[in-house]
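Inspection log for the structure reproduced underneath, given as structure tokens.
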Protein chains: 2
Amino acid sequence: MDVSDIGALTFDVFGTVVDWRGSVVREGERLGAQKGFDVDWPSFADDWRNDGYTGGMERIRRGDLPWMKVDALHRLKLNQLLEEHGITGLTEAETDHFNRVWHRLTPWSDVLEGLERLSKGFVLASLSNGNMSLLTNMAKNAGIHWDCVLSAELSGHYKPDPEVYKAAADLLGFRTDQVLMVAAHKADLRGAQGAGLRTAYVPRPDEFGPEGQVDMAPDRSFDVSATDFIDLAAKLGV
Amino acid sequence: MDVSDIGALTFDVFGTVVDWRGSVVREGERLGAQKGFDVDWPSFADDWRNDGYTGGMERIRRGDLPWMKVDALHRLKLNQLLEEHGITGLTEAETDHFNRVWHRLTPWSDVLEGLERLSKGFVLASLSNGNMSLLTNMAKNAGIHWDCVLSAELSGHYKPDPEVYKAAADLLGFRTDQVLMVAAHKADLRGAQGAGLRTAYVPRPDEFGPEGQVDMAPDRSFDVSATDFIDLAAKLGV
């Protein structure tokens with residue numbers, strides 16, 4: 001693609017930058033070992049993500065829940081999951097700490113090197129539905145240097161609502177067509193397209209685990225496709 | 001001070017982190033030499049700052065101007081200054097580039113080392129009236145790594161309005177009394193105090209140039225006073 005007019009890259013985070021499932025499973029297993037809980041952590045993680053996070057945002061969009069930060073959505077679902085899995089005896093501090101596992105997700109192996117290269121050519125910003133403090137803490141913990149942490153929280157909407165993408169371009173000081181949205185999820189990229197952004201597709205085949213299904217079919221409506229962030233840097237000429 | 005409950009430091013930027021006056025004068029002199037303009041650049045910089053920026057925000061607060069980003073306030077005043085100083089013949093691209101000198105301000109000599117140390121103990125965020133893209137570009141250009149770029153722009157108010165400080169604490173995920181506002185300006189710190197934040201005073205005697213007046217009288221109402229960011233790190237135990 002012709003990148004001469006691109007000023008900033010905005011990144012989806014959960015799944016695209018960090019391996020949420022592997023991270024949650026690892027911390028769950030550690031907690032379970034410490035406390036003697038026998039839990040199917042991959043299923044726990046999937047349910048937390050699918051019903052708590054994705055489902056929670058849908059309920060907000062429908063008006064069944066008031067606006068709340070993703071931290072609060074995660075906590076609502078965590079309370080329910082702990083009960084369902086018969087996990088009792090955690091203190092409030094322990095529960096809060098486990099809820100913040102989403103602040104401690106670890107990046108895919110190509111991310112730090114890829115972002116360092118991309119940073120030489122573009123302004124790099126997160127653009128996640130995760131709240132600002134979640135994204136800030138995660139980046140600090142993982143050694144990710146965003147030029148700017150941006151979140152759906154700043155627009156009071158969740159992706160793929162167009163307000164999120166438009167607010168990001170405005171805050172970064174660019175026209176929407178000067179911003180390239182990077183994501184592993186086609187629905188996110190279609191939302192970005194609808195708001196006038198350019199799009200880069202970076203599929204993450206392992207996001208949902210070894211047996212997870214990921215739609216990796218090529219889609220020529222995206223401006224660029226790359227196998228990871230290092231390949232993306234090469235394709236963008238940096 | 002007891003810092004055990006402090007989670008984040010928020011920083012005033014113009015004057016506290018970066019030497020706006022020296023930076024604007026240097027770029028002005030370079031532009032003048034290239035183009036053959038004979039201008040009193042220190043006076044130009046002071047007027048741009050005092051009437052364009054500070055005065056502009058006051059006019060917004062009084063309702064004499066609609067809300068606008070600091071980039072737009074800077075440009076309004078720049079247009080006037082160019083006319084007053086008889087500077088003609090700049091293209092729109094050259095004028096826009098010069099207006100963005102505020103995106104390229106250089107930090108005081110202690111800043112990078114001080115922030116690197118402070119970063120080990122706390123979440124570090126800008127909290128300036130400068131708009132998000134101005135702060136993002138400035139940090140990228142100067143090699144400053146904020147964990148999170150925050151601006152008055154996110155609350156639609158300008159410091160010292162309390163909304164700015166409260167929004168910052170909320171976005172960072174802390175109570176206001178877990179956030180320490182760092183500034184060279186007492187009015188900013190009093191605004192932060194009013195919103196419930198803790199305060200650190202770091203005077204910058206050279207902000208207004210060799211003959212500039214800076215109120216450096218000690219004020220024991222601030223939680224900590226430091227001579228620069230390295231001293232601040234030492235005083236906060238990191």
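Following the order of the structure tokens, chains are lettered A, B, ..., residues in each are numbered from 1, and ligands are numbered from 1.
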
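Contacts from chain B to chain A at a cut-off of 7 Å (only C-alpha atoms) map to Met132, Ser133, Thr136, Lys140, Asp147, Cys148, Val149, Leu171, Leu172 and Gly173 of chain B.
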
Applying 12 Å and only C-alpha atoms, which residues near range 61-65 of chain B remain after dropping the ones on its own chain fewer than 5 positions away? List them as a ChimeraX atom specification. /B:54-56,72-73,76,156-161

What is the CA of Leu105 in chain B-CA of Gly22 in chain B distance in Å, reported with one decimal? 8.4 Å

When distances are computed from only C-alpha atoms, which of A:Ala187, A:Val238, A:Leu90, A:Val182 shows the smallest separation from Ala226 in chain A? A:Val182

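DSSP, applied to the backbone of this structure, assigns helix (DSSP H, G or I) to the following residues of range 154-213 of chain A: Leu154, Pro162, Glu163, Val164, Tyr165, Lys166, Ala167, Ala168, Ala169, Asp170, Leu171, Leu172, Thr176, Asp177, Gln178, Lys186, Ala187, Asp188, Leu189, Arg190, Gly191, Ala192, Gln193 and Gly194 of chain A.
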
Dump N, CA and C atoms for the selected residues as an mmCIF file, in the first residue's frame?
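Listing of out-v4.cif after writing:
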```cif
data_model
loop_
_atom_site.group_PDB
_atom_site.id
_atom_site.type_symbol
_atom_site.label_atom_id
_atom_site.label_comp_id
_atom_site.auth_asym_id
_atom_site.auth_seq_id
_atom_site.Cartn_x
_atom_site.Cartn_y
_atom_site.Cartn_z
ATOM 1 N N LEU A 154 -12.615 6.749 26.013
ATOM 2 C CA LEU A 154 -12.554 8.197 25.793
ATOM 3 C C LEU A 154 -13.734 8.716 24.988
ATOM 4 N N PRO A 162 -18.563 3.665 15.246
ATOM 5 C CA PRO A 162 -17.649 4.580 14.521
ATOM 6 C C PRO A 162 -17.073 5.682 15.396
ATOM 7 N N GLU A 163 -17.793 6.065 16.471
ATOM 8 C CA GLU A 163 -17.308 7.156 17.334
ATOM 9 C C GLU A 163 -15.905 6.877 17.876
ATOM 10 N N VAL A 164 -15.621 5.593 18.159
ATOM 11 C CA VAL A 164 -14.327 5.241 18.757
ATOM 12 C C VAL A 164 -13.181 5.576 17.805
ATOM 13 N N TYR A 165 -13.333 5.172 16.535
ATOM 14 C CA TYR A 165 -12.265 5.377 15.550
ATOM 15 C C TYR A 165 -12.113 6.866 15.213
ATOM 16 N N LYS A 166 -13.249 7.545 15.093
ATOM 17 C CA LYS A 166 -13.197 8.980 14.749
ATOM 18 C C LYS A 166 -12.565 9.790 15.867
ATOM 19 N N ALA A 167 -12.902 9.450 17.115
ATOM 20 C CA ALA A 167 -12.304 10.164 18.251
ATOM 21 C C ALA A 167 -10.791 9.950 18.272
ATOM 22 N N ALA A 168 -10.356 8.736 17.952
ATOM 23 C CA ALA A 168 -8.914 8.449 17.969
ATOM 24 C C ALA A 168 -8.181 9.307 16.946
ATOM 25 N N ALA A 169 -8.706 9.373 15.722
ATOM 26 C CA ALA A 169 -8.050 10.188 14.686
ATOM 27 C C ALA A 169 -8.004 11.651 15.119
ATOM 28 N N ASP A 170 -9.101 12.145 15.672
ATOM 29 C CA ASP A 170 -9.147 13.547 16.111
ATOM 30 C C ASP A 170 -8.116 13.806 17.212
ATOM 31 N N LEU A 171 -8.041 12.911 18.190
ATOM 32 C CA LEU A 171 -7.094 13.112 19.295
ATOM 33 C C LEU A 171 -5.648 13.039 18.818
ATOM 34 N N LEU A 172 -5.401 12.213 17.799
ATOM 35 C CA LEU A 172 -4.038 12.087 17.280
ATOM 36 C C LEU A 172 -3.699 13.194 16.286
ATOM 37 N N THR A 176 -9.137 10.891 9.331
ATOM 38 C CA THR A 176 -9.332 9.447 9.513
ATOM 39 C C THR A 176 -8.567 8.632 8.464
ATOM 40 N N ASP A 177 -8.438 9.164 7.244
ATOM 41 C CA ASP A 177 -7.744 8.375 6.208
ATOM 42 C C ASP A 177 -6.224 8.445 6.341
ATOM 43 N N GLN A 178 -5.737 9.130 7.361
ATOM 44 C CA GLN A 178 -4.296 9.124 7.660
ATOM 45 C C GLN A 178 -3.966 8.151 8.790
ATOM 46 N N LYS A 186 -11.758 -9.122 11.922
ATOM 47 C CA LYS A 186 -12.331 -8.455 10.748
ATOM 48 C C LYS A 186 -13.436 -7.471 11.115
ATOM 49 N N ALA A 187 -14.208 -7.768 12.157
ATOM 50 C CA ALA A 187 -15.308 -6.861 12.527
ATOM 51 C C ALA A 187 -14.755 -5.518 12.986
ATOM 52 N N ASP A 188 -13.638 -5.549 13.669
ATOM 53 C CA ASP A 188 -12.986 -4.318 14.112
ATOM 54 C C ASP A 188 -12.539 -3.508 12.894
ATOM 55 N N LEU A 189 -11.924 -4.206 11.940
ATOM 56 C CA LEU A 189 -11.436 -3.516 10.736
ATOM 57 C C LEU A 189 -12.593 -2.966 9.909
ATOM 58 N N ARG A 190 -13.697 -3.694 9.868
ATOM 59 C CA ARG A 190 -14.848 -3.161 9.118
ATOM 60 C C ARG A 190 -15.403 -1.918 9.808
ATOM 61 N N GLY A 191 -15.390 -1.922 11.131
ATOM 62 C CA GLY A 191 -15.802 -0.725 11.870
ATOM 63 C C GLY A 191 -14.895 0.455 11.536
ATOM 64 N N ALA A 192 -13.594 0.184 11.487
ATOM 65 C CA ALA A 192 -12.630 1.238 11.160
ATOM 66 C C ALA A 192 -12.843 1.752 9.742
ATOM 67 N N GLN A 193 -13.076 0.819 8.808
ATOM 68 C CA GLN A 193 -13.350 1.228 7.420
ATOM 69 C C GLN A 193 -14.565 2.134 7.349
ATOM 70 N N GLY A 194 -15.599 1.756 8.087
ATOM 71 C CA GLY A 194 -16.834 2.544 8.073
ATOM 72 C C GLY A 194 -16.613 3.968 8.579
#
```

Taking 4 positions as the minimum chain separation for residues in the same chain, which residues sit within 9 Å of Trp48 in chain B when counting only C-alpha atoms? Answer as a ChimeraX atom specification. /B:43-44,52-54,74,77-78,81

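Considering the residues A:Gly28, A:Trp102, A:Pro42, A:Gly237 and counting only C-alpha atoms, Pro210 in chain A has its shortest atom-to-atom contact with A:Pro42.
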
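Using only C-alpha atoms, the shortest contact distance between Ser151 in chain B and any of B:Val3, B:Val111, B:Asp47, B:Thr10 is found at B:Thr10.
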
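Residue-level DSSP output for range 77-216 of chain A, from the backbone, shows strand (DSSP E or B) at A:Pro107, A:Val123, A:Leu124, A:Ala125, A:Ser126, A:Leu127, A:Ser128, A:Cys148, A:Val149, A:Leu150, A:Ser151, A:Val179, A:Leu180, A:Met181, A:Val182, A:Ala183, A:Arg198, A:Thr199, A:Ala200, A:Tyr201.
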
Give me a file of those residues, with N, CA and C atoms, as a tab-separated table (two decimals), in the first residue's frame.
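And here's again_27.tsv as it stands now:
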```
chain	number	residue	atom	x	y	z
A	107	PRO	N	2.45	-10.00	25.54
A	107	PRO	CA	2.38	-9.82	24.08
A	107	PRO	C	2.82	-11.07	23.32
A	123	VAL	N	3.30	7.38	14.39
A	123	VAL	CA	2.79	7.49	15.76
A	123	VAL	C	2.02	6.20	16.04
A	124	LEU	N	2.31	5.57	17.17
A	124	LEU	CA	1.66	4.29	17.52
A	124	LEU	C	0.75	4.49	18.73
A	125	ALA	N	-0.50	4.08	18.59
A	125	ALA	CA	-1.44	4.20	19.70
A	125	ALA	C	-2.24	2.92	19.83
A	126	SER	N	-2.53	2.55	21.07
A	126	SER	CA	-3.51	1.49	21.28
A	126	SER	C	-4.88	2.04	20.90
A	127	LEU	N	-5.79	1.15	20.48
A	127	LEU	CA	-7.19	1.58	20.35
A	127	LEU	C	-8.04	0.35	20.66
A	128	SER	N	-8.25	0.18	21.95
A	128	SER	CA	-8.87	-1.02	22.49
A	128	SER	C	-10.14	-0.65	23.21
A	148	CYS	N	0.92	6.89	22.49
A	148	CYS	CA	-0.30	7.41	23.11
A	148	CYS	C	-1.23	6.23	23.39
A	149	VAL	N	-1.69	6.14	24.61
A	149	VAL	CA	-2.68	5.11	24.96
A	149	VAL	C	-4.06	5.69	24.65
A	150	LEU	N	-4.80	5.04	23.76
A	150	LEU	CA	-6.18	5.47	23.48
A	150	LEU	C	-7.10	4.29	23.70
A	151	SER	N	-8.28	4.60	24.17
A	151	SER	CA	-9.26	3.57	24.51
A	151	SER	C	-10.64	4.03	24.09
A	179	VAL	N	-4.99	7.43	9.25
A	179	VAL	CA	-4.80	6.50	10.37
A	179	VAL	C	-5.05	5.08	9.89
A	180	LEU	N	-4.13	4.18	10.24
A	180	LEU	CA	-4.23	2.77	9.85
A	180	LEU	C	-4.56	1.95	11.08
A	181	MET	N	-5.73	1.31	11.06
A	181	MET	CA	-6.16	0.46	12.17
A	181	MET	C	-5.60	-0.94	11.96
A	182	VAL	N	-4.92	-1.46	12.98
A	182	VAL	CA	-4.30	-2.79	12.91
A	182	VAL	C	-5.07	-3.72	13.84
A	183	ALA	N	-5.57	-4.83	13.31
A	183	ALA	CA	-6.34	-5.74	14.16
A	183	ALA	C	-6.32	-7.14	13.59
A	198	ARG	N	-7.87	3.61	7.31
A	198	ARG	CA	-7.25	2.53	6.53
A	198	ARG	C	-7.11	1.32	7.46
A	199	THR	N	-6.87	0.14	6.86
A	199	THR	CA	-6.92	-1.08	7.68
A	199	THR	C	-5.77	-2.04	7.38
A	200	ALA	N	-5.26	-2.65	8.43
A	200	ALA	CA	-4.21	-3.68	8.32
A	200	ALA	C	-4.67	-4.91	9.10
A	201	TYR	N	-4.70	-6.03	8.41
A	201	TYR	CA	-5.17	-7.29	9.00
A	201	TYR	C	-3.97	-8.15	9.38
```

I'd like the interatomic distance between CA of Glu113 in chain A and CA of Ala142 in chain B, to a tenth of an Å. 20.9 Å
